[in-house]
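All remarks here apply to the structure that follows.
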Amino acid sequence: MTGLRLVHAHGDRITLTEPVTGVELLSYVYAPEAAWEAPKPYIHPLRTLAGDVVTDYRPNDHRWHKGLQLTASHLSGANLWGGNSYVHGEGYLELPERVGSMAHVAFDEVSVRDDRVVIAERLTWHPYGGELWADEERQIEIHDVDRESGSWALTWCSAVTNRRDEPLRFGSPTTAGRELAGYTGLFWRGPRGFRDGRVIGPDAEGPGLMGKQAPWLAYSGEHDGADGHATLLFAHAPENDHDGAHGTHPAHWFVRNEPFAAVAPSWAFYDELELAPGDTLARRYRVVVADGAWEREEIAKYLEAHPW
């Protein structure tokens with residue numbers, strides 16, 4: 001599959017279009033937004049090859065949920081997630097002095113390479129006061145566009161380097177005391193029609209997979225406004241669980257299908273992850289966007305045909 005069309009509206013967003021159907025598969029938005037929402041780049045809309053949107057944007061329950069984005073809900077006392085901050089024993093509080101940002105610095109590459117698109121970006125991470133806490137090198141690749149199977153894939157790689165003179169502590173509401181709220185890291189918010197969708201893992205299914213470990217997790221939902229379903233397959237690379245610099249720190253899945261659809265391979269579900277000054281935290285993820293409700297057998301076949 002060749003000929004993916006890329007348009008860069010400088011200072012705002014990058015859009016990618018499938019040339020045969022004219023479907024805009026995604027927009028990568030990096031223009032800054034409201035401070036309260038912890039501004040950071042995000043992908044929305046994200047679409048199937050059939051043109052159906054499979055992300056939500058600024059829903060009224062959580063305005064800081066924006067499609068697919070990398071987040072840090074609890075970072076050394078700062079909130080780079082957005083909105084109210086969780087404080088154990090007090091719940092979610094309006095603490096604007098905790099809300100930080102991830103800022104776009106520059107693109108090192110925005111290109112079409114034969115059968116894939118590459119977006120390579122540099123970012124900086126900041127608490128509310130604006131100090132430099134971390135640098136990030138991010139590379140997003142769009143590949144394996146397959147009209148026959150109705151699927152395409154996105155690989156997201158991020159390398160975050162601590163620029164403080166003290167450790168950065170990555171956590172989550174669960175590490176702060178709230179049960180089963182381990183969201184942080186790469187986070188997807190599904191559209192409203194995907195509420196009560198089907199959650200599938202390698203050996204089990206259902207929202208009971210919250211907080212469990214598995215190399216992949218899939219979410220199938222039914223569209224509003226169009227007939228049919230879509231499936232999003234989330235996978236994290238094997239090396240994510242065995243980072244040589246930080247020992248074994250396995251990912252656990254944050255997943256909900258009510259009151260809304262959400263998935264994140266959390267890098268700090270139950271335990272904080274500490275990043276020493278000058279050290280780099282590297283993570284690699286894949287998201288497959290497919291038309292139709294895929295069964296476990298179809299998912300396994302796809303993964304076998306598309307190894308890491």
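Ordering of the structure tokens sets the chain letters (A, B, ...), residue numbers begin anew at 1 in every chain, and ligands are numbered from 1 in the order given.
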message = What's around A:Phe170 at 7 Å? Count only C-alpha atoms, leave out sequence neighbours fewer than 4 positions away in its own chain, and write the answer as a PyMOL selection string.
response = chain A and resi 74-76+268+272-274
key: Non-local contacts of A:Ala290 (12 Å; only C-alpha atoms; under 3 positions in same chain excluded) as a ChimeraX atom specification   = /A:25,46-54,144-154,218-221,228-234,287,293-295,298-299,302
query = Can you list every residue in stretch 7-244 of chain A that DSSP puts in helix (DSSP H, G or I), as a list in words?
reply = Ala35, Trp36, Glu37, Pro96, Glu97, Arg98, Arg192, Gly193, Phe194, Pro207, Gly208, Leu209, Pro238, Glu239, Asn240 and Asp241 of chain A
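Distance annotation: of A:Arg122, A:Arg189, A:His236, A:His62, the residue with the minimal separation from A:Tyr285 is A:His236; atom set is only C-alpha atoms.
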Determine which residues of stretch 99-159 of chain A receive a DSSP assignment of strand (DSSP E or B), computed from the backbone, and state them as a CSV table (one decimal) with N, CA, C and O atoms, in the first residue's frame.
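Wrote result.csv, looks like this:
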```csv
chain,number,residue,atom,x,y,z
A,99,VAL,N,-1.2,21.6,37.6
A,99,VAL,CA,-1.4,21.2,36.2
A,99,VAL,C,-0.3,21.7,35.3
A,99,VAL,O,-0.1,22.9,35.2
A,101,SER,N,2.2,20.7,31.5
A,101,SER,CA,2.0,20.7,30.1
A,101,SER,C,3.2,19.9,29.4
A,101,SER,O,4.2,19.7,30.0
A,102,MET,N,2.9,19.4,28.2
A,102,MET,CA,3.9,18.8,27.3
A,102,MET,C,3.9,19.7,26.1
A,102,MET,O,2.9,19.7,25.3
A,103,ALA,N,5.0,20.3,25.8
A,103,ALA,CA,5.1,21.3,24.7
A,103,ALA,C,5.9,20.8,23.5
A,103,ALA,O,6.9,20.3,23.6
A,104,HIS,N,5.3,21.0,22.3
A,104,HIS,CA,6.0,20.7,21.1
A,104,HIS,C,7.2,21.7,20.9
A,104,HIS,O,7.1,22.9,21.2
A,105,VAL,N,8.3,21.1,20.5
A,105,VAL,CA,9.5,21.9,20.3
A,105,VAL,C,9.8,22.0,18.8
A,105,VAL,O,9.9,23.1,18.2
A,106,ALA,N,9.9,20.8,18.2
A,106,ALA,CA,10.2,20.8,16.7
A,106,ALA,C,10.0,19.4,16.2
A,106,ALA,O,10.0,18.4,16.9
A,107,PHE,N,9.8,19.3,14.9
A,107,PHE,CA,9.8,18.0,14.2
A,107,PHE,C,11.1,17.8,13.5
A,107,PHE,O,11.7,18.6,12.8
A,108,ASP,N,11.7,16.6,13.8
A,108,ASP,CA,12.9,16.2,13.1
A,108,ASP,C,12.6,15.5,11.8
A,108,ASP,O,13.5,15.5,10.9
A,109,GLU,N,11.4,15.0,11.6
A,109,GLU,CA,11.0,14.4,10.4
A,109,GLU,C,9.5,14.3,10.3
A,109,GLU,O,8.8,14.0,11.3
A,110,VAL,N,8.9,14.7,9.1
A,110,VAL,CA,7.5,14.5,8.8
A,110,VAL,C,7.6,14.0,7.3
A,110,VAL,O,7.8,14.8,6.4
A,111,SER,N,7.4,12.7,7.1
A,111,SER,CA,7.6,12.2,5.8
A,111,SER,C,6.8,11.0,5.4
A,111,SER,O,6.3,10.3,6.3
A,112,VAL,N,6.7,10.7,4.1
A,112,VAL,CA,6.1,9.5,3.7
A,112,VAL,C,7.3,8.6,3.1
A,112,VAL,O,8.0,9.0,2.2
A,113,ARG,N,7.5,7.4,3.7
A,113,ARG,CA,8.5,6.5,3.3
A,113,ARG,C,7.9,5.3,2.7
A,113,ARG,O,7.5,4.4,3.4
A,116,ARG,N,4.8,3.8,4.6
A,116,ARG,CA,4.6,4.3,5.9
A,116,ARG,C,4.8,5.8,6.0
A,116,ARG,O,5.5,6.4,5.2
A,117,VAL,N,4.2,6.4,7.0
A,117,VAL,CA,4.4,7.8,7.3
A,117,VAL,C,5.2,7.9,8.6
A,117,VAL,O,4.9,7.1,9.6
A,118,VAL,N,6.1,8.8,8.7
A,118,VAL,CA,6.9,8.9,9.9
A,118,VAL,C,6.8,10.4,10.4
A,118,VAL,O,7.0,11.3,9.7
A,119,ILE,N,6.4,10.5,11.7
A,119,ILE,CA,6.4,11.8,12.4
A,119,ILE,C,7.3,11.7,13.6
A,119,ILE,O,7.1,11.0,14.6
A,120,ALA,N,8.5,12.4,13.5
A,120,ALA,CA,9.5,12.4,14.6
A,120,ALA,C,9.5,13.8,15.2
A,120,ALA,O,9.7,14.8,14.5
A,121,GLU,N,9.3,13.8,16.5
A,121,GLU,CA,9.0,15.1,17.2
A,121,GLU,C,9.9,15.2,18.5
A,121,GLU,O,10.1,14.2,19.1
A,122,ARG,N,10.3,16.4,18.9
A,122,ARG,CA,10.9,16.7,20.2
A,122,ARG,C,9.9,17.5,21.0
A,122,ARG,O,9.3,18.5,20.5
A,123,LEU,N,9.8,17.2,22.3
A,123,LEU,CA,8.9,17.9,23.2
A,123,LEU,C,9.6,18.1,24.5
A,123,LEU,O,10.6,17.5,24.8
A,124,THR,N,9.0,19.0,25.3
A,124,THR,CA,9.5,19.3,26.6
A,124,THR,C,8.3,19.2,27.6
A,124,THR,O,7.2,19.5,27.3
A,125,TRP,N,8.6,18.7,28.8
A,125,TRP,CA,7.6,18.5,29.9
A,125,TRP,C,7.8,19.5,31.0
A,125,TRP,O,9.0,19.7,31.4
A,126,HIS,N,6.7,20.1,31.4
A,126,HIS,CA,6.8,21.2,32.4
A,126,HIS,C,5.7,21.1,33.5
A,126,HIS,O,4.6,20.8,33.2
A,134,ALA,N,11.6,17.5,31.8
A,134,ALA,CA,11.9,16.3,31.0
A,134,ALA,C,12.0,16.7,29.5
A,134,ALA,O,11.2,17.7,29.1
A,135,ASP,N,12.8,16.0,28.7
A,135,ASP,CA,12.7,16.1,27.3
A,135,ASP,C,12.1,14.8,26.8
A,135,ASP,O,12.4,13.7,27.4
A,136,GLU,N,11.4,14.9,25.7
A,136,GLU,CA,10.9,13.7,25.1
A,136,GLU,C,11.2,13.6,23.6
A,136,GLU,O,11.1,14.6,22.9
A,137,GLU,N,11.7,12.5,23.1
A,137,GLU,CA,11.8,12.2,21.7
A,137,GLU,C,10.7,11.2,21.3
A,137,GLU,O,10.6,10.1,21.9
A,138,ARG,N,9.8,11.6,20.4
A,138,ARG,CA,8.6,10.8,20.1
A,138,ARG,C,8.7,10.5,18.6
A,138,ARG,O,9.0,11.4,17.8
A,139,GLN,N,8.3,9.3,18.2
A,139,GLN,CA,8.2,8.9,16.8
A,139,GLN,C,6.9,8.1,16.7
A,139,GLN,O,6.7,7.1,17.3
A,140,ILE,N,6.1,8.6,15.8
A,140,ILE,CA,4.8,7.9,15.4
A,140,ILE,C,4.9,7.5,14.0
A,140,ILE,O,5.2,8.3,13.1
A,141,GLU,N,4.7,6.2,13.7
A,141,GLU,CA,4.7,5.7,12.4
A,141,GLU,C,3.3,5.1,12.1
A,141,GLU,O,2.7,4.4,12.9
A,142,ILE,N,2.8,5.4,10.9
A,142,ILE,CA,1.6,4.8,10.4
A,142,ILE,C,1.9,3.9,9.3
A,142,ILE,O,2.6,4.2,8.3
A,143,HIS,N,1.4,2.6,9.4
A,143,HIS,CA,1.9,1.6,8.5
A,143,HIS,C,0.9,0.5,8.3
A,143,HIS,O,-0.2,0.5,9.0
A,144,ASP,N,1.2,-0.5,7.5
A,144,ASP,CA,0.3,-1.7,7.3
A,144,ASP,C,-1.1,-1.3,7.0
A,144,ASP,O,-2.0,-1.9,7.6
A,145,VAL,N,-1.3,-0.4,6.1
A,145,VAL,CA,-2.6,0.0,5.7
A,145,VAL,C,-3.1,-1.1,4.7
A,145,VAL,O,-2.5,-1.3,3.6
A,146,ASP,N,-4.2,-1.8,5.1
A,146,ASP,CA,-4.6,-3.0,4.3
A,146,ASP,C,-6.1,-2.9,4.1
A,146,ASP,O,-6.9,-3.2,5.0
A,151,SER,N,-7.9,-2.7,7.9
A,151,SER,CA,-7.2,-2.3,9.1
A,151,SER,C,-5.9,-1.5,8.7
A,151,SER,O,-5.5,-1.6,7.6
A,152,TRP,N,-5.4,-0.8,9.7
A,152,TRP,CA,-4.2,-0.1,9.6
A,152,TRP,C,-3.6,0.0,10.9
A,152,TRP,O,-4.3,-0.2,11.9
A,153,ALA,N,-2.3,0.4,11.0
A,153,ALA,CA,-1.6,0.3,12.3
A,153,ALA,C,-0.8,1.6,12.5
A,153,ALA,O,-0.4,2.3,11.6
A,154,LEU,N,-0.6,1.9,13.8
A,154,LEU,CA,0.1,3.1,14.3
A,154,LEU,C,1.1,2.6,15.4
A,154,LEU,O,0.6,1.9,16.3
A,155,THR,N,2.3,2.9,15.2
A,155,THR,CA,3.3,2.6,16.3
A,155,THR,C,3.8,3.9,16.9
A,155,THR,O,4.2,4.8,16.2
A,156,TRP,N,3.7,3.9,18.2
A,156,TRP,CA,4.1,5.1,19.0
A,156,TRP,C,5.3,4.8,19.9
A,156,TRP,O,5.2,3.9,20.8
A,157,CYS,N,6.4,5.5,19.7
A,157,CYS,CA,7.6,5.3,20.5
A,157,CYS,C,7.9,6.6,21.2
A,157,CYS,O,8.0,7.7,20.6
A,158,SER,N,8.1,6.6,22.5
A,158,SER,CA,8.5,7.8,23.3
A,158,SER,C,9.7,7.4,24.2
A,158,SER,O,9.7,6.4,24.8
A,159,ALA,N,10.6,8.4,24.2
A,159,ALA,CA,11.8,8.3,25.1
A,159,ALA,C,11.8,9.6,25.9
A,159,ALA,O,12.1,10.6,25.3
```
query = Looking at only C-alpha atoms, which of A:Gly171, A:Pro96, A:Pro307, A:Gly292 is the one that sits closest to A:Asp271?
reply = A:Gly171
Exercise: A:Trp308 partners within 10 Å, only C-alpha atoms, chain neighbours under 6 positions left out, as an MDAnalysis selection string = chainID A and resid 235:238 284:286
Restrict the selected residues to N, CA and C atoms and save them as a PDB file, in the first residue's frame.
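For reference, part33.pdb as written:
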```pdb
ATOM      1  N   ALA A 235      -1.259  -2.926  21.784  1.00  0.00           N
ATOM      2  CA  ALA A 235      -0.192  -3.852  22.162  1.00  0.00           C
ATOM      3  C   ALA A 235       1.008  -3.062  22.639  1.00  0.00           C
ATOM      4  N   HIS A 236       1.686  -3.588  23.656  1.00  0.00           N
ATOM      5  CA  HIS A 236       2.918  -2.931  24.096  1.00  0.00           C
ATOM      6  C   HIS A 236       4.087  -3.867  23.848  1.00  0.00           C
ATOM      7  N   ALA A 237       5.197  -3.299  23.418  1.00  0.00           N
ATOM      8  CA  ALA A 237       6.352  -4.087  23.005  1.00  0.00           C
ATOM      9  C   ALA A 237       6.922  -4.870  24.190  1.00  0.00           C
ATOM     10  N   PRO A 238       7.472  -6.054  23.941  1.00  0.00           N
ATOM     11  CA  PRO A 238       7.989  -6.884  25.039  1.00  0.00           C
ATOM     12  C   PRO A 238       9.016  -6.182  25.913  1.00  0.00           C
ATOM     13  N   ARG A 284       7.321   1.632  23.796  1.00  0.00           N
ATOM     14  CA  ARG A 284       6.892   1.448  22.411  1.00  0.00           C
ATOM     15  C   ARG A 284       5.545   0.737  22.416  1.00  0.00           C
ATOM     16  N   TYR A 285       4.588   1.290  21.670  1.00  0.00           N
ATOM     17  CA  TYR A 285       3.226   0.763  21.631  1.00  0.00           C
ATOM     18  C   TYR A 285       2.753   0.658  20.185  1.00  0.00           C
ATOM     19  N   ARG A 286       1.777  -0.211  19.977  1.00  0.00           N
ATOM     20  CA  ARG A 286       1.131  -0.307  18.672  1.00  0.00           C
ATOM     21  C   ARG A 286      -0.378  -0.249  18.871  1.00  0.00           C
TER      22      ARG A 286
END
```
key: Nearest residue to A:Pro277 from the set A:Gly100, A:Pro39, A:Pro167, A:Gly129 (distances using only C-alpha atoms)   = A:Pro167
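Taking atom CA of A:Asp115 and atom CA of A:Gly3 as the two end points, the separation is 7.3 Å.
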inquiry  = Could you list, as an MDAnalysis selection string, every residue within 9 Å of A:Tyr183, counting only C-alpha atoms and ignoring same-chain residues fewer than 5 positions away?
reply    = chainID A and resid 71:73 171:174 253:255 263:269
Restricting it to N, CA and C atoms, dump the selection as a PDB file, in the first residue's frame.
```
ATOM      1  N   THR A  71       0.148  10.700  28.404  1.00  0.00           N
ATOM      2  CA  THR A  71      -0.188  11.480  29.591  1.00  0.00           C
ATOM      3  C   THR A  71       0.727  11.107  30.763  1.00  0.00           C
ATOM      4  N   ALA A  72       0.688  11.933  31.778  1.00  0.00           N
ATOM      5  CA  ALA A  72       1.360  11.629  33.044  1.00  0.00           C
ATOM      6  C   ALA A  72       0.471  12.178  34.149  1.00  0.00           C
ATOM      7  N   SER A  73      -0.384  11.322  34.697  1.00  0.00           N
ATOM      8  CA  SER A  73      -1.402  11.803  35.632  1.00  0.00           C
ATOM      9  C   SER A  73      -0.814  12.258  36.965  1.00  0.00           C
ATOM     10  N   GLY A 171       3.532   8.200  38.673  1.00  0.00           N
ATOM     11  CA  GLY A 171       2.530   7.483  39.437  1.00  0.00           C
ATOM     12  C   GLY A 171       1.173   7.563  38.779  1.00  0.00           C
ATOM     13  N   SER A 172       0.138   7.302  39.560  1.00  0.00           N
ATOM     14  CA  SER A 172      -1.241   7.307  39.083  1.00  0.00           C
ATOM     15  C   SER A 172      -2.152   7.508  40.287  1.00  0.00           C
ATOM     16  N   PRO A 173      -3.455   7.740  40.073  1.00  0.00           N
ATOM     17  CA  PRO A 173      -4.346   7.809  41.235  1.00  0.00           C
ATOM     18  C   PRO A 173      -4.267   6.567  42.116  1.00  0.00           C
ATOM     19  N   THR A 174      -4.013   5.395  41.519  1.00  0.00           N
ATOM     20  CA  THR A 174      -3.922   4.184  42.331  1.00  0.00           C
ATOM     21  C   THR A 174      -2.680   4.197  43.209  1.00  0.00           C
ATOM     22  N   TRP A 253      -3.063  -3.101  32.452  1.00  0.00           N
ATOM     23  CA  TRP A 253      -4.059  -2.439  31.614  1.00  0.00           C
ATOM     24  C   TRP A 253      -5.063  -1.655  32.439  1.00  0.00           C
ATOM     25  N   PHE A 254      -5.202  -0.402  32.099  1.00  0.00           N
ATOM     26  CA  PHE A 254      -6.342   0.391  32.557  1.00  0.00           C
ATOM     27  C   PHE A 254      -7.390   0.304  31.448  1.00  0.00           C
ATOM     28  N   VAL A 255      -8.574  -0.206  31.758  1.00  0.00           N
ATOM     29  CA  VAL A 255      -9.616  -0.352  30.737  1.00  0.00           C
ATOM     30  C   VAL A 255     -10.990  -0.189  31.375  1.00  0.00           C
ATOM     31  N   VAL A 263      -8.825   3.013  27.260  1.00  0.00           N
ATOM     32  CA  VAL A 263      -7.774   2.003  27.386  1.00  0.00           C
ATOM     33  C   VAL A 263      -6.433   2.711  27.553  1.00  0.00           C
ATOM     34  N   ALA A 264      -5.602   2.175  28.442  1.00  0.00           N
ATOM     35  CA  ALA A 264      -4.225   2.661  28.591  1.00  0.00           C
ATOM     36  C   ALA A 264      -3.358   1.522  29.100  1.00  0.00           C
ATOM     37  N   PRO A 265      -2.225   1.241  28.441  1.00  0.00           N
ATOM     38  CA  PRO A 265      -1.230   0.331  29.026  1.00  0.00           C
ATOM     39  C   PRO A 265      -0.420   1.118  30.059  1.00  0.00           C
ATOM     40  N   SER A 266      -0.894   1.114  31.288  1.00  0.00           N
ATOM     41  CA  SER A 266      -0.347   1.992  32.324  1.00  0.00           C
ATOM     42  C   SER A 266       1.071   1.601  32.714  1.00  0.00           C
ATOM     43  N   TRP A 267       1.952   2.608  32.775  1.00  0.00           N
ATOM     44  CA  TRP A 267       3.329   2.325  33.185  1.00  0.00           C
ATOM     45  C   TRP A 267       3.519   2.504  34.695  1.00  0.00           C
ATOM     46  N   ALA A 268       2.449   2.866  35.409  1.00  0.00           N
ATOM     47  CA  ALA A 268       2.552   3.020  36.869  1.00  0.00           C
ATOM     48  C   ALA A 268       1.186   2.765  37.485  1.00  0.00           C
ATOM     49  N   PHE A 269       0.668   1.565  37.316  1.00  0.00           N
ATOM     50  CA  PHE A 269      -0.677   1.257  37.815  1.00  0.00           C
ATOM     51  C   PHE A 269      -0.655   1.099  39.338  1.00  0.00           C
TER      52      PHE A 269
END
```
task = Identify which of the residues A:Arg98, A:His65, A:Arg13, A:Arg163 lies closest to A:Leu281, counting only C-alpha atoms when measuring atom-to-atom distances.
result =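 Closest candidate: A:Arg163.
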query = Separation of atom CA of A:Ala282 and atom CA of A:Pro215, in Å?
reply =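 Interatomic distance here is 16.7 Å.
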ask   = Could you name the residues that touch A:Gly208 at 10 Å or less, counting only C-alpha atoms, but leaving out those on the same chain fewer than 3 positions away, as an NGL selection string?
value = :A and (199 or 204-205 or 211-212 or 255-256)
request  = Quote the spacing between atom CA of A:Leu168 and atom CA of A:Leu275 in Å to one decimal place.
outcome  =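 Those two atoms sit 5.1 Å apart.
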request  = Name the closest residue to A:Gly197 among the candidates A:Phe260, A:Arg178, A:Trp216, A:Ala226; distances are taken between atoms, counting only C-alpha atoms.
outcome  = A:Phe260
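Between A:Arg58 and the candidates A:Trp133, A:Tyr86, A:Tyr128, A:Tyr42, the tightest atom-to-atom separation, counting only C-alpha atoms, involves A:Tyr42.
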